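Raw start.pdb, PDB, C-alpha atoms:
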ATOM      1  CA  MET U   1     162.044 -70.934-220.516  1.00  0.00           C
ATOM      2  CA  GLU U   2     161.176 -72.960-217.451  1.00  0.00           C
ATOM      3  CA  ARG U   3     164.493 -72.030-215.804  1.00  0.00           C
ATOM      4  CA  ILE U   4     163.853 -68.334-216.365  1.00  0.00           C
ATOM      5  CA  ALA U   5     160.407 -68.612-214.782  1.00  0.00           C
ATOM      6  CA  THR U   6     161.861 -70.440-211.793  1.00  0.00           C
ATOM      7  CA  LEU U   7     164.618 -67.849-211.453  1.00  0.00           C
ATOM      8  CA  ALA U   8     162.109 -65.023-211.652  1.00  0.00           C
ATOM      9  CA  LEU U   9     159.938 -66.678-208.993  1.00  0.00           C
ATOM     10  CA  VAL U  10     162.938 -67.157-206.677  1.00  0.00           C
ATOM     11  CA  CYS U  11     163.971 -63.519-207.183  1.00  0.00           C
ATOM     12  CA  CYS U  12     160.459 -62.283-206.407  1.00  0.00           C
ATOM     13  CA  VAL U  13     160.226 -64.366-203.253  1.00  0.00           C
ATOM     14  CA  SER U  14     163.707 -63.273-202.157  1.00  0.00           C
ATOM     15  CA  PHE U  15     162.959 -59.631-202.852  1.00  0.00           C
ATOM     16  CA  GLY U  16     159.666 -59.897-201.005  1.00  0.00           C
ATOM     17  CA  SER U  17     161.321 -61.432-197.939  1.00  0.00           C
ATOM     18  CA  ILE U  18     164.096 -58.820-197.942  1.00  0.00           C
ATOM     19  CA  ARG U  19     161.549 -56.085-198.253  1.00  0.00           C
ATOM     20  CA  SER U  20     159.417 -57.493-195.416  1.00  0.00           C
ATOM     21  CA  THR U  21     162.370 -57.447-193.020  1.00  0.00           C
ATOM     22  CA  ALA U  22     162.996 -53.811-193.822  1.00  0.00           C
ATOM     23  CA  SER U  23     159.768 -52.782-192.103  1.00  0.00           C
ATOM     24  CA  LEU U  24     159.305 -54.840-188.972  1.00  0.00           C
ATOM     25  CA  GLU U  25     156.400 -54.121-186.680  1.00  0.00           C
ATOM     26  CA  LEU U  26     157.710 -53.671-183.145  1.00  0.00           C
ATOM     27  CA  ASP U  27     154.460 -52.683-181.433  1.00  0.00           C
ATOM     28  CA  TRP U  28     154.501 -55.894-179.402  1.00  0.00           C
ATOM     29  CA  ILE U  29     157.639 -54.883-177.447  1.00  0.00           C
ATOM     30  CA  PRO U  30     156.819 -53.110-174.161  1.00  0.00           C
ATOM     31  CA  ALA U  31     158.149 -49.591-173.751  1.00  0.00           C
ATOM     32  CA  GLY U  32     159.457 -49.830-170.187  1.00  0.00           C
ATOM     33  CA  ASP U  33     162.062 -51.688-168.185  1.00  0.00           C
ATOM     34  CA  GLY U  34     159.483 -54.015-166.698  1.00  0.00           C
ATOM     35  CA  PRO U  35     159.746 -57.794-166.458  1.00  0.00           C
ATOM     36  CA  LEU U  36     159.449 -60.013-169.513  1.00  0.00           C
ATOM     37  CA  PRO U  37     155.956 -61.284-170.256  1.00  0.00           C
ATOM     38  CA  LEU U  38     155.547 -64.994-169.541  1.00  0.00           C
ATOM     39  CA  SER U  39     153.840 -65.735-172.867  1.00  0.00           C
ATOM     40  CA  ALA U  40     155.685 -68.420-174.833  1.00  0.00           C
ATOM     41  CA  ALA U  41     154.685 -66.791-178.131  1.00  0.00           C
ATOM     42  CA  TYR U  42     156.107 -63.438-177.008  1.00  0.00           C
ATOM     43  CA  ARG U  43     159.358 -65.019-175.897  1.00  0.00           C
ATOM     44  CA  GLU U  44     159.654 -66.916-179.172  1.00  0.00           C
ATOM     45  CA  ARG U  45     159.162 -63.722-181.207  1.00  0.00           C
ATOM     46  CA  LEU U  46     161.666 -61.878-179.020  1.00  0.00           C
ATOM     47  CA  SER U  47     164.152 -64.714-179.423  1.00  0.00           C
ATOM     48  CA  ARG U  48     163.858 -64.509-183.214  1.00  0.00           C
ATOM     49  CA  LEU U  49     164.273 -60.715-183.077  1.00  0.00           C
ATOM     50  CA  CYS U  50     167.361 -61.114-180.855  1.00  0.00           C
ATOM     51  CA  ASP U  51     168.826 -63.540-183.380  1.00  0.00           C
ATOM     52  CA  VAL U  52     168.226 -61.001-186.157  1.00  0.00           C
ATOM     53  CA  VAL U  53     169.876 -58.215-184.157  1.00  0.00           C
ATOM     54  CA  GLU U  54     172.847 -60.335-183.048  1.00  0.00           C
ATOM     55  CA  ASN U  55     173.494 -61.926-186.444  1.00  0.00           C
ATOM     56  CA  ALA U  56     172.884 -58.868-188.640  1.00  0.00           C
ATOM     57  CA  ARG U  57     175.417 -58.643-191.454  1.00  0.00           C
ATOM     58  CA  GLY U  58     174.293 -55.345-192.853  1.00  0.00           C
ATOM     59  CA  PRO U  59     172.439 -52.311-191.604  1.00  0.00           C
ATOM     60  CA  LEU U  60     169.381 -53.001-189.521  1.00  0.00           C
ATOM     61  CA  PRO U  61     165.959 -51.729-190.572  1.00  0.00           C
ATOM     62  CA  PRO U  62     165.072 -48.259-189.251  1.00  0.00           C
ATOM     63  CA  SER U  63     162.312 -49.613-187.005  1.00  0.00           C
ATOM     64  CA  ILE U  64     164.898 -51.785-185.199  1.00  0.00           C
ATOM     65  CA  GLN U  65     167.523 -49.014-185.167  1.00  0.00           C
ATOM     66  CA  ALA U  66     165.073 -46.693-183.395  1.00  0.00           C
ATOM     67  CA  ARG U  67     164.522 -49.157-180.530  1.00  0.00           C
ATOM     68  CA  LEU U  68     167.859 -50.964-180.572  1.00  0.00           C
ATOM     69  CA  ARG U  69     168.737 -50.107-176.965  1.00  0.00           C
ATOM     70  CA  ASP U  70     165.378 -51.418-175.671  1.00  0.00           C
ATOM     71  CA  ILE U  71     165.696 -54.522-177.812  1.00  0.00           C
ATOM     72  CA  GLU U  72     169.198 -55.264-176.484  1.00  0.00           C
ATOM     73  CA  LYS U  73     167.982 -54.894-172.872  1.00  0.00           C
ATOM     74  CA  MET U  74     165.063 -57.231-173.559  1.00  0.00           C
ATOM     75  CA  CYS U  75     167.405 -59.738-175.246  1.00  0.00           C
ATOM     76  CA  ALA U  76     169.707 -59.677-172.213  1.00  0.00           C
ATOM     77  CA  LYS U  77     166.730 -60.324-169.923  1.00  0.00           C
ATOM     78  CA  LEU U  78     165.580 -63.166-172.174  1.00  0.00           C
ATOM     79  CA  ARG U  79     169.021 -64.800-172.184  1.00  0.00           C
ATOM     80  CA  ARG U  80     169.222 -64.512-168.359  1.00  0.00           C
ATOM     81  CA  ALA U  81     165.762 -66.031-168.037  1.00  0.00           C
ATOM     82  CA  GLU U  82     166.702 -68.857-170.389  1.00  0.00           C
ATOM     83  CA  ARG U  83     169.879 -69.601-168.398  1.00  0.00           C
ATOM     84  CA  SER U  84     168.092 -69.634-165.062  1.00  0.00           C
ATOM     85  CA  GLY U  85     165.100 -71.506-166.446  1.00  0.00           C
ATOM     86  CA  PRO U  86     164.335 -75.144-165.674  1.00  0.00           C
ATOM     87  CA  VAL U  87     167.992 -76.189-165.730  1.00  0.00           C
ATOM     88  CA  GLY U  88     168.962 -73.502-163.199  1.00  0.00           C
ATOM     89  CA  ASN U  89     166.028 -74.423-160.986  1.00  0.00           C
ATOM     90  CA  LEU U  90     166.893 -78.111-161.266  1.00  0.00           C
ATOM     91  CA  ARG U  91     170.497 -77.385-160.294  1.00  0.00           C
ATOM     92  CA  ALA U  92     169.343 -75.454-157.222  1.00  0.00           C
ATOM     93  CA  LEU U  93     166.960 -78.271-156.309  1.00  0.00           C
ATOM     94  CA  VAL U  94     169.765 -80.842-156.552  1.00  0.00           C
ATOM     95  CA  VAL U  95     172.082 -78.709-154.397  1.00  0.00           C
ATOM     96  CA  TYR U  96     169.414 -78.251-151.723  1.00  0.00           C
ATOM     97  CA  ALA U  97     168.501 -81.952-151.808  1.00  0.00           C
ATOM     98  CA  VAL U  98     172.140 -83.009-151.400  1.00  0.00           C
ATOM     99  CA  GLY U  99     172.609 -80.485-148.577  1.00  0.00           C
ATOM    100  CA  ALA U 100     169.488 -81.744-146.813  1.00  0.00           C
ATOM    101  CA  GLY U 101     170.637 -85.342-147.270  1.00  0.00           C
ATOM    102  CA  VAL U 102     174.083 -84.630-145.814  1.00  0.00           C
ATOM    103  CA  GLY U 103     172.513 -82.724-142.926  1.00  0.00           C
ATOM    104  CA  ALA U 104     170.088 -85.549-142.200  1.00  0.00           C
ATOM    105  CA  TRP U 105     172.924 -88.084-142.298  1.00  0.00           C
ATOM    106  CA  ALA U 106     175.014 -85.950-139.907  1.00  0.00           C
ATOM    107  CA  VAL U 107     172.146 -85.659-137.409  1.00  0.00           C
ATOM    108  CA  HIS U 108     171.449 -89.392-137.646  1.00  0.00           C
ATOM    109  CA  SER U 109     175.140 -90.212-137.215  1.00  0.00           C
ATOM    110  CA  TYR U 110     175.425 -87.961-134.153  1.00  0.00           C
ATOM    111  CA  GLN U 111     172.288 -89.352-132.521  1.00  0.00           C
ATOM    112  CA  ASN U 112     173.434 -92.935-133.056  1.00  0.00           C
ATOM    113  CA  ARG U 113     176.951 -92.188-131.820  1.00  0.00           C
ATOM    114  CA  GLY U 114     178.467 -92.686-135.243  1.00  0.00           C
ATOM    115  CA  TRP U 115     181.370 -91.010-136.993  1.00  0.00           C
ATOM    116  CA  VAL U 116     180.087 -87.436-136.509  1.00  0.00           C
ATOM    117  CA  TYR U 117     179.573 -88.041-132.789  1.00  0.00           C
ATOM    118  CA  LYS U 118     183.123 -89.336-132.436  1.00  0.00           C
ATOM    119  CA  VAL U 119     184.605 -86.378-134.290  1.00  0.00           C
ATOM    120  CA  ILE U 120     182.701 -83.892-132.129  1.00  0.00           C
ATOM    121  CA  GLN U 121     183.665 -85.711-128.942  1.00  0.00           C
ATOM    122  CA  ASP U 122     187.332 -85.723-129.988  1.00  0.00           C
ATOM    123  CA  GLN U 123     187.205 -81.995-130.653  1.00  0.00           C
ATOM    124  CA  GLN U 124     185.579 -81.305-127.297  1.00  0.00           C
ATOM    125  CA  ARG U 125     188.150 -83.497-125.544  1.00  0.00           C
ATOM    126  CA  GLN U 126     190.991 -81.585-127.206  1.00  0.00           C
ATOM    127  CA  LEU U 127     189.477 -78.247-126.225  1.00  0.00           C
ATOM    128  CA  ARG U 128     189.110 -79.394-122.609  1.00  0.00           C
ATOM    129  CA  ALA U 129     192.706 -80.610-122.578  1.00  0.00           C
ATOM    130  CA  ARG U 130     193.934 -77.331-124.015  1.00  0.00           C
ATOM    131  CA  SER U 131     192.031 -75.299-121.468  1.00  0.00           C
ATOM    132  CA  SER U 132     193.243 -77.472-118.569  1.00  0.00           C
ATOM    133  CA  TYR U 133     196.874 -77.118-119.693  1.00  0.00           C
ATOM    134  CA  LYS U 134     196.505 -73.366-119.922  1.00  0.00           C
ATOM    135  CA  ALA U 135     194.863 -73.239-116.495  1.00  0.00           C
ATOM    136  CA  ARG U 136     197.730 -75.213-114.921  1.00  0.00           C
ATOM    137  CA  GLY U 137     200.315 -73.212-116.827  1.00  0.00           C
ATOM    138  CA  SER U 138     202.137 -76.359-117.803  1.00  0.00           C
ATOM    139  CA  GLY U 139     202.743 -75.404-121.421  1.00  0.00           C
ATOM    140  CA  SER U 140     201.612 -76.733-124.732  1.00  0.00           C
ATOM    141  CA  PRO U 141     198.887 -79.385-124.882  1.00  0.00           C
ATOM    142  CA  LEU U 142     200.732 -81.137-127.700  1.00  0.00           C
ATOM    143  CA  PHE U 143     204.077 -81.440-125.908  1.00  0.00           C
ATOM    144  CA  PRO U 144     203.370 -80.714-122.235  1.00  0.00           C
ATOM    145  CA  LYS U 145     206.518 -82.301-120.729  1.00  0.00           C
ATOM    146  CA  VAL U 146     208.934 -80.981-123.349  1.00  0.00           C
ATOM    147  CA  TYR U 147     207.536 -77.468-123.300  1.00  0.00           C
ATOM    148  CA  SER U 148     207.360 -77.277-119.503  1.00  0.00           C
ATOM    149  CA  SER U 149     210.875 -78.655-119.105  1.00  0.00           C
ATOM    150  CA  LEU U 150     212.194 -76.005-121.492  1.00  0.00           C
ATOM    151  CA  THR U 151     210.422 -73.155-119.765  1.00  0.00           C
ATOM    152  CA  ASP U 152     211.185 -74.221-116.148  1.00  0.00           C
ATOM    153  CA  ARG U 153     214.894 -73.508-116.450  1.00  0.00           C
TER     154      ARG U 153
END

Could the structure of this file be written out as structure tokens, please?
Amino acid sequence: MERIATLALVCCVSFGSIRSTASLELDWIPAGDGPLPLSAAYRERLSRLCDVVENARGPLPPSIQARLRDIEKMCAKLRRAERSGPVGNLRALVVYAVGAGVGAWAVHSYQNRGWVYKVIQDQQRQLRARSSYKARGSGSPLFPKVYSSLTDR
């Protein structure tokens, strides 16, 4: 007898929960294509609704079917916002910090005649040599004697 009562109670609770999902209230979803509200409670409810829509095994309730397109757009916005949330902002912060650090090191190295200064000076020296070879018409800056001896004949 106790098992039958327990089974009946489980069936009633299950039937009640199935019935409650058949008539969802969707008044809290905005009607336009505006931005998502920043409320954590709203986003949590929308996340649960998105899970219901994405993981539905059977037909969706008519209240969801009527606004399915709006719900899918809102779910896409929520997923984008979740991806670019604190982790996305942290990633951008790290990239900017590393870029600023490398830039500061390069400026410091150039001002103190370090590695960056030497590389820039070498490049400028090569450009001056190239332009002087072209001005004299003596050939290639890499092989000036070989190139000029081949073209003089």

For this session: For the structure provided, state which residues fall under the PyMOL selection byres ((chain U and resi 53) around 12), and present them as a PyMOL selection string.
Result: chain U and resi 21+46-52+54-61+63-65+67-75

Please return the centre and edge lengths, in Å to one decimal, of a box with edges along x, y and z that contains all listed atoms of segment 94-106 of chain U, widened by 6 Å on every side, as AutoDock Vina command-line options.
--center_x 171.8 --center_y -83.2 --center_z -148.2 --size_x 18.5 --size_y 21.8 --size_z 28.6

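Atom pair atom CA of Tyr42 of chain U / atom CA of Leu93 of chain U has a distance of 27.7 Å (rounded to one decimal).
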
For this session: Rounded to one decimal place, report the atom CA of Pro37 of chain U-atom CA of Ala76 of chain U distance in Å.
Result: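 Calculated distance between atom CA of Pro37 of chain U and atom CA of Ala76 of chain U is 14.0 Å.
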
Exercise. Atom CA of His108 of chain U and atom CA of Ala129 of chain U are how many Å apart?
Worked result: 27.5 Å

Any chance you could build segment 49-60 of chain U out to N, CA, C and O atoms and write it as a PDB file, in the frame of the given file?
ATOM      1  N   LEU U  49     163.796 -62.079-182.881  1.00  0.00           N
ATOM      2  CA  LEU U  49     164.273 -60.715-183.077  1.00  0.00           C
ATOM      3  C   LEU U  49     165.703 -60.553-182.553  1.00  0.00           C
ATOM      4  O   LEU U  49     166.533 -59.893-183.179  1.00  0.00           O
ATOM      5  N   CYS U  50     165.996 -61.174-181.408  1.00  0.00           N
ATOM      6  CA  CYS U  50     167.361 -61.114-180.855  1.00  0.00           C
ATOM      7  C   CYS U  50     168.354 -61.774-181.806  1.00  0.00           C
ATOM      8  O   CYS U  50     169.464 -61.264-181.987  1.00  0.00           O
ATOM      9  N   ASP U  51     167.946 -62.890-182.411  1.00  0.00           N
ATOM     10  CA  ASP U  51     168.826 -63.540-183.380  1.00  0.00           C
ATOM     11  C   ASP U  51     169.085 -62.635-184.578  1.00  0.00           C
ATOM     12  O   ASP U  51     170.207 -62.576-185.083  1.00  0.00           O
ATOM     13  N   VAL U  52     168.058 -61.919-185.033  1.00  0.00           N
ATOM     14  CA  VAL U  52     168.226 -61.001-186.157  1.00  0.00           C
ATOM     15  C   VAL U  52     169.189 -59.888-185.786  1.00  0.00           C
ATOM     16  O   VAL U  52     170.094 -59.537-186.548  1.00  0.00           O
ATOM     17  N   VAL U  53     169.022 -59.324-184.581  1.00  0.00           N
ATOM     18  CA  VAL U  53     169.876 -58.215-184.157  1.00  0.00           C
ATOM     19  C   VAL U  53     171.314 -58.685-183.958  1.00  0.00           C
ATOM     20  O   VAL U  53     172.261 -58.013-184.371  1.00  0.00           O
ATOM     21  N   GLU U  54     171.498 -59.843-183.337  1.00  0.00           N
ATOM     22  CA  GLU U  54     172.847 -60.335-183.048  1.00  0.00           C
ATOM     23  C   GLU U  54     173.582 -60.809-184.294  1.00  0.00           C
ATOM     24  O   GLU U  54     174.797 -60.702-184.374  1.00  0.00           O
ATOM     25  N   ASN U  55     172.851 -61.349-185.264  1.00  0.00           N
ATOM     26  CA  ASN U  55     173.494 -61.926-186.444  1.00  0.00           C
ATOM     27  C   ASN U  55     173.359 -61.042-187.677  1.00  0.00           C
ATOM     28  O   ASN U  55     173.522 -61.525-188.795  1.00  0.00           O
ATOM     29  N   ALA U  56     173.061 -59.771-187.497  1.00  0.00           N
ATOM     30  CA  ALA U  56     172.884 -58.868-188.640  1.00  0.00           C
ATOM     31  C   ALA U  56     174.216 -58.657-189.341  1.00  0.00           C
ATOM     32  O   ALA U  56     175.224 -58.342-188.712  1.00  0.00           O
ATOM     33  N   ARG U  57     174.199 -58.834-190.674  1.00  0.00           N
ATOM     34  CA  ARG U  57     175.417 -58.643-191.454  1.00  0.00           C
ATOM     35  C   ARG U  57     175.470 -57.252-192.060  1.00  0.00           C
ATOM     36  O   ARG U  57     176.531 -56.747-192.354  1.00  0.00           O
ATOM     37  N   GLY U  58     174.348 -56.677-192.252  1.00  0.00           N
ATOM     38  CA  GLY U  58     174.293 -55.345-192.853  1.00  0.00           C
ATOM     39  C   GLY U  58     173.585 -54.386-191.915  1.00  0.00           C
ATOM     40  O   GLY U  58     173.414 -54.664-190.723  1.00  0.00           O
ATOM     41  N   PRO U  59     173.163 -53.271-192.445  1.00  0.00           N
ATOM     42  CA  PRO U  59     172.439 -52.311-191.604  1.00  0.00           C
ATOM     43  C   PRO U  59     171.069 -52.861-191.209  1.00  0.00           C
ATOM     44  O   PRO U  59     170.415 -53.554-191.991  1.00  0.00           O
ATOM     45  N   LEU U  60     170.676 -52.559-190.015  1.00  0.00           N
ATOM     46  CA  LEU U  60     169.381 -53.001-189.521  1.00  0.00           C
ATOM     47  C   LEU U  60     168.286 -52.071-190.040  1.00  0.00           C
ATOM     48  O   LEU U  60     168.538 -50.905-190.328  1.00  0.00           O
TER      49      LEU U  60
END
